[in-house]
Amino acid sequence: MQNFNKNDYVVGNTVYLLFIGGYGTEKKDPEQVIFEAVVKAVGRKYITVLKGTREIRFEYDKETESIWQKYDYGRDYEIYTTKEKALEALNKKKLKKDIYNIASGMLCTHFDRNSIDQLELLKAIMVGTLTDYKKEKLSDILMRLLPSMEKDTFYRKIWAEDVMRDIKSFAADKGIRLSDENIKEAAEAYVNGRYDCNLSYWDNIQNLISDMTFSEEPEFYTLHNCLTKHLQTEVSEIKRCSAIDIYFLTNDGKEDGVQLNVTKNILTRAGKEELEELFASLTKEFNTKSNRILSCTVVASADTEEELIQMGY
């Protein structure tokens, strides 16, 4: 797993497990292979989570900064801090499967079985570890062997993921908020020819992002509507006291956020009214209104205020 940081995993937090132990994971819908779990324990070299009543242990290798689920019969789950990251990993597996199907089905008969370079390239396709150098080699082979339609399909698939990563990184550096759908849409537009040859790669990326962000206004709600219909949660169970992250638009159109605690269950009318009154008393300080809410997320929950404070909220 890439970009793993053990410090991101805290006891009591919700995590997401991607099931990879069965056949055809990449063919299944997310709800069939992505499951919620709760971090039960974090040790020096391991993380234990609870999926329902089942304990699953992930071991951490400090030297390689990697993590894996270790069993006698092998590994069958990958662990992620958010559902979005688990979905991204699943989509990568689907893309790699598409690449494998196209490459192995169309190219195997053309490979020189006595060529170590070509066999290594085929292996990279099969396990999804194509480096930039190998992508260039594969592109060269495709240009020589495949009909024009297959060349075009394969080329776009193999480079779209790189463009998505660049768009995501560029937007983050500029403080621009883009959904996964926005990023995918912009990447597909680029690889399908929506760019100006007279501009640099990054200028084209900026133009694509600008077109999208200027054409779409962020969706926002009243606080009551957000709590009633759009409340998100990062905990496995909402208890009496909760810490709520509220993201909102200021009157100047900028995004901002605050974390507030409530002492009544946020799923009840009393809990919602408590948070609404508390936020309303702070709107002048935050330069916003109660009808400019972007999202509300329960990030921690406990039976008492003392327990919530002990958890760091």
# chains A, B, ... in the order shown; residues from 1 in each chain; ligands from 1

call {"tool": "residues_around", "arguments": {"residues": "stretch 255-267 of chain A", "least_positions_apart": "3", "cutoff": "9 Å", "atoms": "only C-alpha atoms", "output": "PDB file with N, CA, C and O atoms, in the first residue's frame"}}
result
ATOM      1  N   LEU A 227     -28.057  18.751   9.062  1.00  0.00           N
ATOM      2  CA  LEU A 227     -28.093  17.804  10.180  1.00  0.00           C
ATOM      3  C   LEU A 227     -29.179  16.754   9.995  1.00  0.00           C
ATOM      4  O   LEU A 227     -29.030  15.606  10.410  1.00  0.00           O
ATOM      5  N   THR A 228     -30.274  17.141   9.348  1.00  0.00           N
ATOM      6  CA  THR A 228     -31.410  16.237   9.191  1.00  0.00           C
ATOM      7  C   THR A 228     -31.230  15.267   8.030  1.00  0.00           C
ATOM      8  O   THR A 228     -31.523  14.069   8.154  1.00  0.00           O
ATOM      9  N   ILE A 238     -23.097   6.566  17.142  1.00  0.00           N
ATOM     10  CA  ILE A 238     -23.293   7.906  17.693  1.00  0.00           C
ATOM     11  C   ILE A 238     -23.886   7.784  19.088  1.00  0.00           C
ATOM     12  O   ILE A 238     -24.960   7.201  19.275  1.00  0.00           O
ATOM     13  N   LYS A 239     -23.172   8.331  20.069  1.00  0.00           N
ATOM     14  CA  LYS A 239     -23.602   8.251  21.464  1.00  0.00           C
ATOM     15  C   LYS A 239     -24.134   9.611  21.918  1.00  0.00           C
ATOM     16  O   LYS A 239     -24.407  10.477  21.098  1.00  0.00           O
ATOM     17  N   ARG A 240     -24.249   9.814  23.243  1.00  0.00           N
ATOM     18  CA  ARG A 240     -24.930  11.014  23.737  1.00  0.00           C
ATOM     19  C   ARG A 240     -24.175  12.296  23.397  1.00  0.00           C
ATOM     20  O   ARG A 240     -24.749  13.278  22.926  1.00  0.00           O
ATOM     21  N   CYS A 241     -22.869  12.317  23.619  1.00  0.00           N
ATOM     22  CA  CYS A 241     -22.055  13.511  23.363  1.00  0.00           C
ATOM     23  C   CYS A 241     -21.241  13.314  22.087  1.00  0.00           C
ATOM     24  O   CYS A 241     -20.685  12.232  21.863  1.00  0.00           O
ATOM     25  N   SER A 242     -21.159  14.354  21.271  1.00  0.00           N
ATOM     26  CA  SER A 242     -20.444  14.218  20.002  1.00  0.00           C
ATOM     27  C   SER A 242     -19.662  15.483  19.666  1.00  0.00           C
ATOM     28  O   SER A 242     -20.016  16.586  20.090  1.00  0.00           O
ATOM     29  N   ALA A 243     -18.580  15.293  18.904  1.00  0.00           N
ATOM     30  CA  ALA A 243     -17.832  16.402  18.309  1.00  0.00           C
ATOM     31  C   ALA A 243     -18.205  16.451  16.835  1.00  0.00           C
ATOM     32  O   ALA A 243     -18.141  15.427  16.140  1.00  0.00           O
ATOM     33  N   ILE A 244     -18.609  17.631  16.355  1.00  0.00           N
ATOM     34  CA  ILE A 244     -19.103  17.780  14.987  1.00  0.00           C
ATOM     35  C   ILE A 244     -18.220  18.765  14.226  1.00  0.00           C
ATOM     36  O   ILE A 244     -18.005  19.887  14.682  1.00  0.00           O
ATOM     37  N   ASP A 245     -17.681  18.336  13.082  1.00  0.00           N
ATOM     38  CA  ASP A 245     -16.986  19.252  12.182  1.00  0.00           C
ATOM     39  C   ASP A 245     -18.008  19.898  11.249  1.00  0.00           C
ATOM     40  O   ASP A 245     -18.751  19.182  10.566  1.00  0.00           O
ATOM     41  N   ILE A 246     -18.055  21.226  11.243  1.00  0.00           N
ATOM     42  CA  ILE A 246     -18.975  21.958  10.372  1.00  0.00           C
ATOM     43  C   ILE A 246     -18.159  22.781   9.379  1.00  0.00           C
ATOM     44  O   ILE A 246     -17.325  23.605   9.781  1.00  0.00           O
ATOM     45  N   TYR A 247     -18.354  22.523   8.097  1.00  0.00           N
ATOM     46  CA  TYR A 247     -17.699  23.316   7.052  1.00  0.00           C
ATOM     47  C   TYR A 247     -18.753  24.215   6.400  1.00  0.00           C
ATOM     48  O   TYR A 247     -19.871  23.765   6.123  1.00  0.00           O
ATOM     49  N   PHE A 248     -18.366  25.462   6.144  1.00  0.00           N
ATOM     50  CA  PHE A 248     -19.340  26.439   5.664  1.00  0.00           C
ATOM     51  C   PHE A 248     -18.668  27.442   4.736  1.00  0.00           C
ATOM     52  O   PHE A 248     -17.428  27.511   4.645  1.00  0.00           O
ATOM     53  N   LEU A 249     -19.491  28.201   4.024  1.00  0.00           N
ATOM     54  CA  LEU A 249     -19.010  29.304   3.200  1.00  0.00           C
ATOM     55  C   LEU A 249     -19.150  30.593   3.992  1.00  0.00           C
ATOM     56  O   LEU A 249     -20.193  30.849   4.602  1.00  0.00           O
ATOM     57  N   THR A 250     -18.105  31.416   3.986  1.00  0.00           N
ATOM     58  CA  THR A 250     -18.209  32.724   4.620  1.00  0.00           C
ATOM     59  C   THR A 250     -19.010  33.655   3.711  1.00  0.00           C
ATOM     60  O   THR A 250     -19.295  33.325   2.560  1.00  0.00           O
ATOM     61  N   ASP A 252     -17.910  36.063   2.300  1.00  0.00           N
ATOM     62  CA  ASP A 252     -17.009  36.439   1.215  1.00  0.00           C
ATOM     63  C   ASP A 252     -16.839  35.323   0.192  1.00  0.00           C
ATOM     64  O   ASP A 252     -16.060  35.456  -0.756  1.00  0.00           O
ATOM     65  N   ALA A 270     -33.413  17.460  20.213  1.00  0.00           N
ATOM     66  CA  ALA A 270     -32.728  18.282  21.213  1.00  0.00           C
ATOM     67  C   ALA A 270     -31.265  18.496  20.827  1.00  0.00           C
ATOM     68  O   ALA A 270     -30.719  19.588  21.001  1.00  0.00           O
ATOM     69  N   GLY A 271     -30.620  17.465  20.316  1.00  0.00           N
ATOM     70  CA  GLY A 271     -29.225  17.578  19.914  1.00  0.00           C
ATOM     71  C   GLY A 271     -29.044  18.528  18.746  1.00  0.00           C
ATOM     72  O   GLY A 271     -28.114  19.346  18.718  1.00  0.00           O
ATOM     73  N   LYS A 272     -29.934  18.436  17.769  1.00  0.00           N
ATOM     74  CA  LYS A 272     -29.864  19.337  16.609  1.00  0.00           C
ATOM     75  C   LYS A 272     -30.087  20.782  17.035  1.00  0.00           C
ATOM     76  O   LYS A 272     -29.372  21.694  16.592  1.00  0.00           O
ATOM     77  N   GLU A 273     -31.075  21.007  17.913  1.00  0.00           N
ATOM     78  CA  GLU A 273     -31.359  22.369  18.359  1.00  0.00           C
ATOM     79  C   GLU A 273     -30.192  22.942  19.146  1.00  0.00           C
ATOM     80  O   GLU A 273     -29.862  24.134  19.023  1.00  0.00           O
ATOM     81  N   GLU A 274     -29.535  22.094  19.948  1.00  0.00           N
ATOM     82  CA  GLU A 274     -28.371  22.553  20.715  1.00  0.00           C
ATOM     83  C   GLU A 274     -27.266  23.038  19.778  1.00  0.00           C
ATOM     84  O   GLU A 274     -26.683  24.116  19.978  1.00  0.00           O
ATOM     85  N   LEU A 275     -26.980  22.261  18.737  1.00  0.00           N
ATOM     86  CA  LEU A 275     -25.917  22.644  17.805  1.00  0.00           C
ATOM     87  C   LEU A 275     -26.321  23.862  16.981  1.00  0.00           C
ATOM     88  O   LEU A 275     -25.506  24.751  16.724  1.00  0.00           O
ATOM     89  N   LEU A 278     -25.916  26.944  19.132  1.00  0.00           N
ATOM     90  CA  LEU A 278     -24.506  27.233  19.362  1.00  0.00           C
ATOM     91  C   LEU A 278     -23.870  27.847  18.122  1.00  0.00           C
ATOM     92  O   LEU A 278     -23.150  28.858  18.210  1.00  0.00           O
ATOM     93  N   PHE A 279     -24.154  27.283  16.949  1.00  0.00           N
ATOM     94  CA  PHE A 279     -23.565  27.804  15.717  1.00  0.00           C
ATOM     95  C   PHE A 279     -24.121  29.196  15.400  1.00  0.00           C
ATOM     96  O   PHE A 279     -23.385  30.080  14.962  1.00  0.00           O
ATOM     97  N   PHE A 286     -17.715  34.147  12.717  1.00  0.00           N
ATOM     98  CA  PHE A 286     -17.211  33.394  11.576  1.00  0.00           C
ATOM     99  C   PHE A 286     -17.522  34.045  10.230  1.00  0.00           C
ATOM    100  O   PHE A 286     -17.161  33.514   9.186  1.00  0.00           O
ATOM    101  N   LEU A 294     -21.723  23.681   4.196  1.00  0.00           N
ATOM    102  CA  LEU A 294     -21.260  22.743   3.171  1.00  0.00           C
ATOM    103  C   LEU A 294     -21.381  21.294   3.642  1.00  0.00           C
ATOM    104  O   LEU A 294     -21.792  20.417   2.885  1.00  0.00           O
ATOM    105  N   VAL A 298     -19.850  13.941  12.092  1.00  0.00           N
ATOM    106  CA  VAL A 298     -19.579  13.497  13.454  1.00  0.00           C
ATOM    107  C   VAL A 298     -18.201  12.831  13.457  1.00  0.00           C
ATOM    108  O   VAL A 298     -18.003  11.800  12.827  1.00  0.00           O
ATOM    109  N   THR A 304     -20.156  10.389  27.708  1.00  0.00           N
ATOM    110  CA  THR A 304     -20.090  11.554  28.582  1.00  0.00           C
ATOM    111  C   THR A 304     -19.148  12.607  27.991  1.00  0.00           C
ATOM    112  O   THR A 304     -18.308  12.299  27.135  1.00  0.00           O
ATOM    113  N   GLU A 305     -19.301  13.863  28.504  1.00  0.00           N
ATOM    114  CA  GLU A 305     -18.411  14.933  28.062  1.00  0.00           C
ATOM    115  C   GLU A 305     -16.967  14.624  28.458  1.00  0.00           C
ATOM    116  O   GLU A 305     -16.026  14.921  27.714  1.00  0.00           O
ATOM    117  N   LEU A 308     -15.350  12.358  26.021  1.00  0.00           N
ATOM    118  CA  LEU A 308     -15.077  13.073  24.764  1.00  0.00           C
ATOM    119  C   LEU A 308     -13.810  13.910  24.908  1.00  0.00           C
ATOM    120  O   LEU A 308     -12.963  13.949  23.992  1.00  0.00           O
ATOM    121  N   TYR A 313     -11.209  15.782  22.191  1.00  0.00           N
ATOM    122  CA  TYR A 313     -12.185  16.664  21.541  1.00  0.00           C
ATOM    123  C   TYR A 313     -12.853  17.588  22.541  1.00  0.00           C
ATOM    124  O   TYR A 313     -12.884  17.338  23.713  1.00  0.00           O
TER     125      TYR A 313
END

call {"tool": "select_by_dssp", "arguments": {"residues": "stretch 178-227 of chain A", "states": "alpha helix (DSSP H)", "output": "PyMOL selection string"}}
result
chain A and resi 180-191+201-215+223-227

call {"tool": "closest_residue", "arguments": {"among": "A:Gly253, A:Lys45, A:Glu276, A:Arg194", "to": "A:Arg292", "atoms": "only C-alpha atoms"}}
result
A:Gly253

call {"tool": "residues_around", "arguments": {"residues": "stretch 231-235 of chain A", "least_positions_apart": "5", "cutoff": "8 Å", "atoms": "only C-alpha atoms", "output": "compact mmCIF listing (two decimals) with N, CA and C atoms, in the first residue's frame"}}
result
# COMPACT_ATOMS: atom_id res chain seq x y z
N GLY A 12 -10.59 3.78 18.16
CA GLY A 12 -11.94 4.30 18.15
C GLY A 12 -12.38 4.89 16.83
N ASN A 13 -11.41 5.19 15.95
CA ASN A 13 -11.75 5.78 14.65
C ASN A 13 -12.29 4.72 13.69
N THR A 14 -13.17 5.16 12.79
CA THR A 14 -13.68 4.30 11.74
C THR A 14 -12.67 4.22 10.60
N VAL A 38 -13.64 -0.58 12.95
CA VAL A 38 -13.22 0.36 13.99
C VAL A 38 -11.86 -0.07 14.52
N CYS A 226 -28.86 20.23 6.82
CA CYS A 226 -27.64 19.41 6.76
C CYS A 226 -27.65 18.36 7.87
N SER A 295 -21.02 21.03 4.90
CA SER A 295 -21.09 19.65 5.41
C SER A 295 -21.03 19.66 6.92
N CYS A 296 -21.60 18.60 7.50
CA CYS A 296 -21.53 18.36 8.94
C CYS A 296 -21.11 16.92 9.15
N THR A 297 -20.06 16.70 9.94
CA THR A 297 -19.54 15.34 10.13
C THR A 297 -19.30 15.06 11.61
N VAL A 298 -19.85 13.94 12.09
CA VAL A 298 -19.58 13.50 13.45
C VAL A 298 -18.20 12.83 13.46
N VAL A 299 -17.23 13.45 14.14
CA VAL A 299 -15.86 12.93 14.12
C VAL A 299 -15.50 12.18 15.40
N ALA A 300 -16.33 12.32 16.43
CA ALA A 300 -16.10 11.58 17.68
C ALA A 300 -17.40 11.54 18.47
N SER A 301 -17.58 10.48 19.27
CA SER A 301 -18.80 10.36 20.04
C SER A 301 -18.52 9.54 21.30

call {"tool": "closest_residue", "arguments": {"among": "A:Glu55, A:Glu185, A:Asp61, A:Glu36", "to": "A:Tyr80", "atoms": "only C-alpha atoms"}}
result
A:Glu36

call {"tool": "closest_residue", "arguments": {"among": "A:Trp202, A:Tyr9, A:Tyr16, A:Tyr46", "to": "A:Ser169", "atoms": "only C-alpha atoms"}}
result
A:Trp202
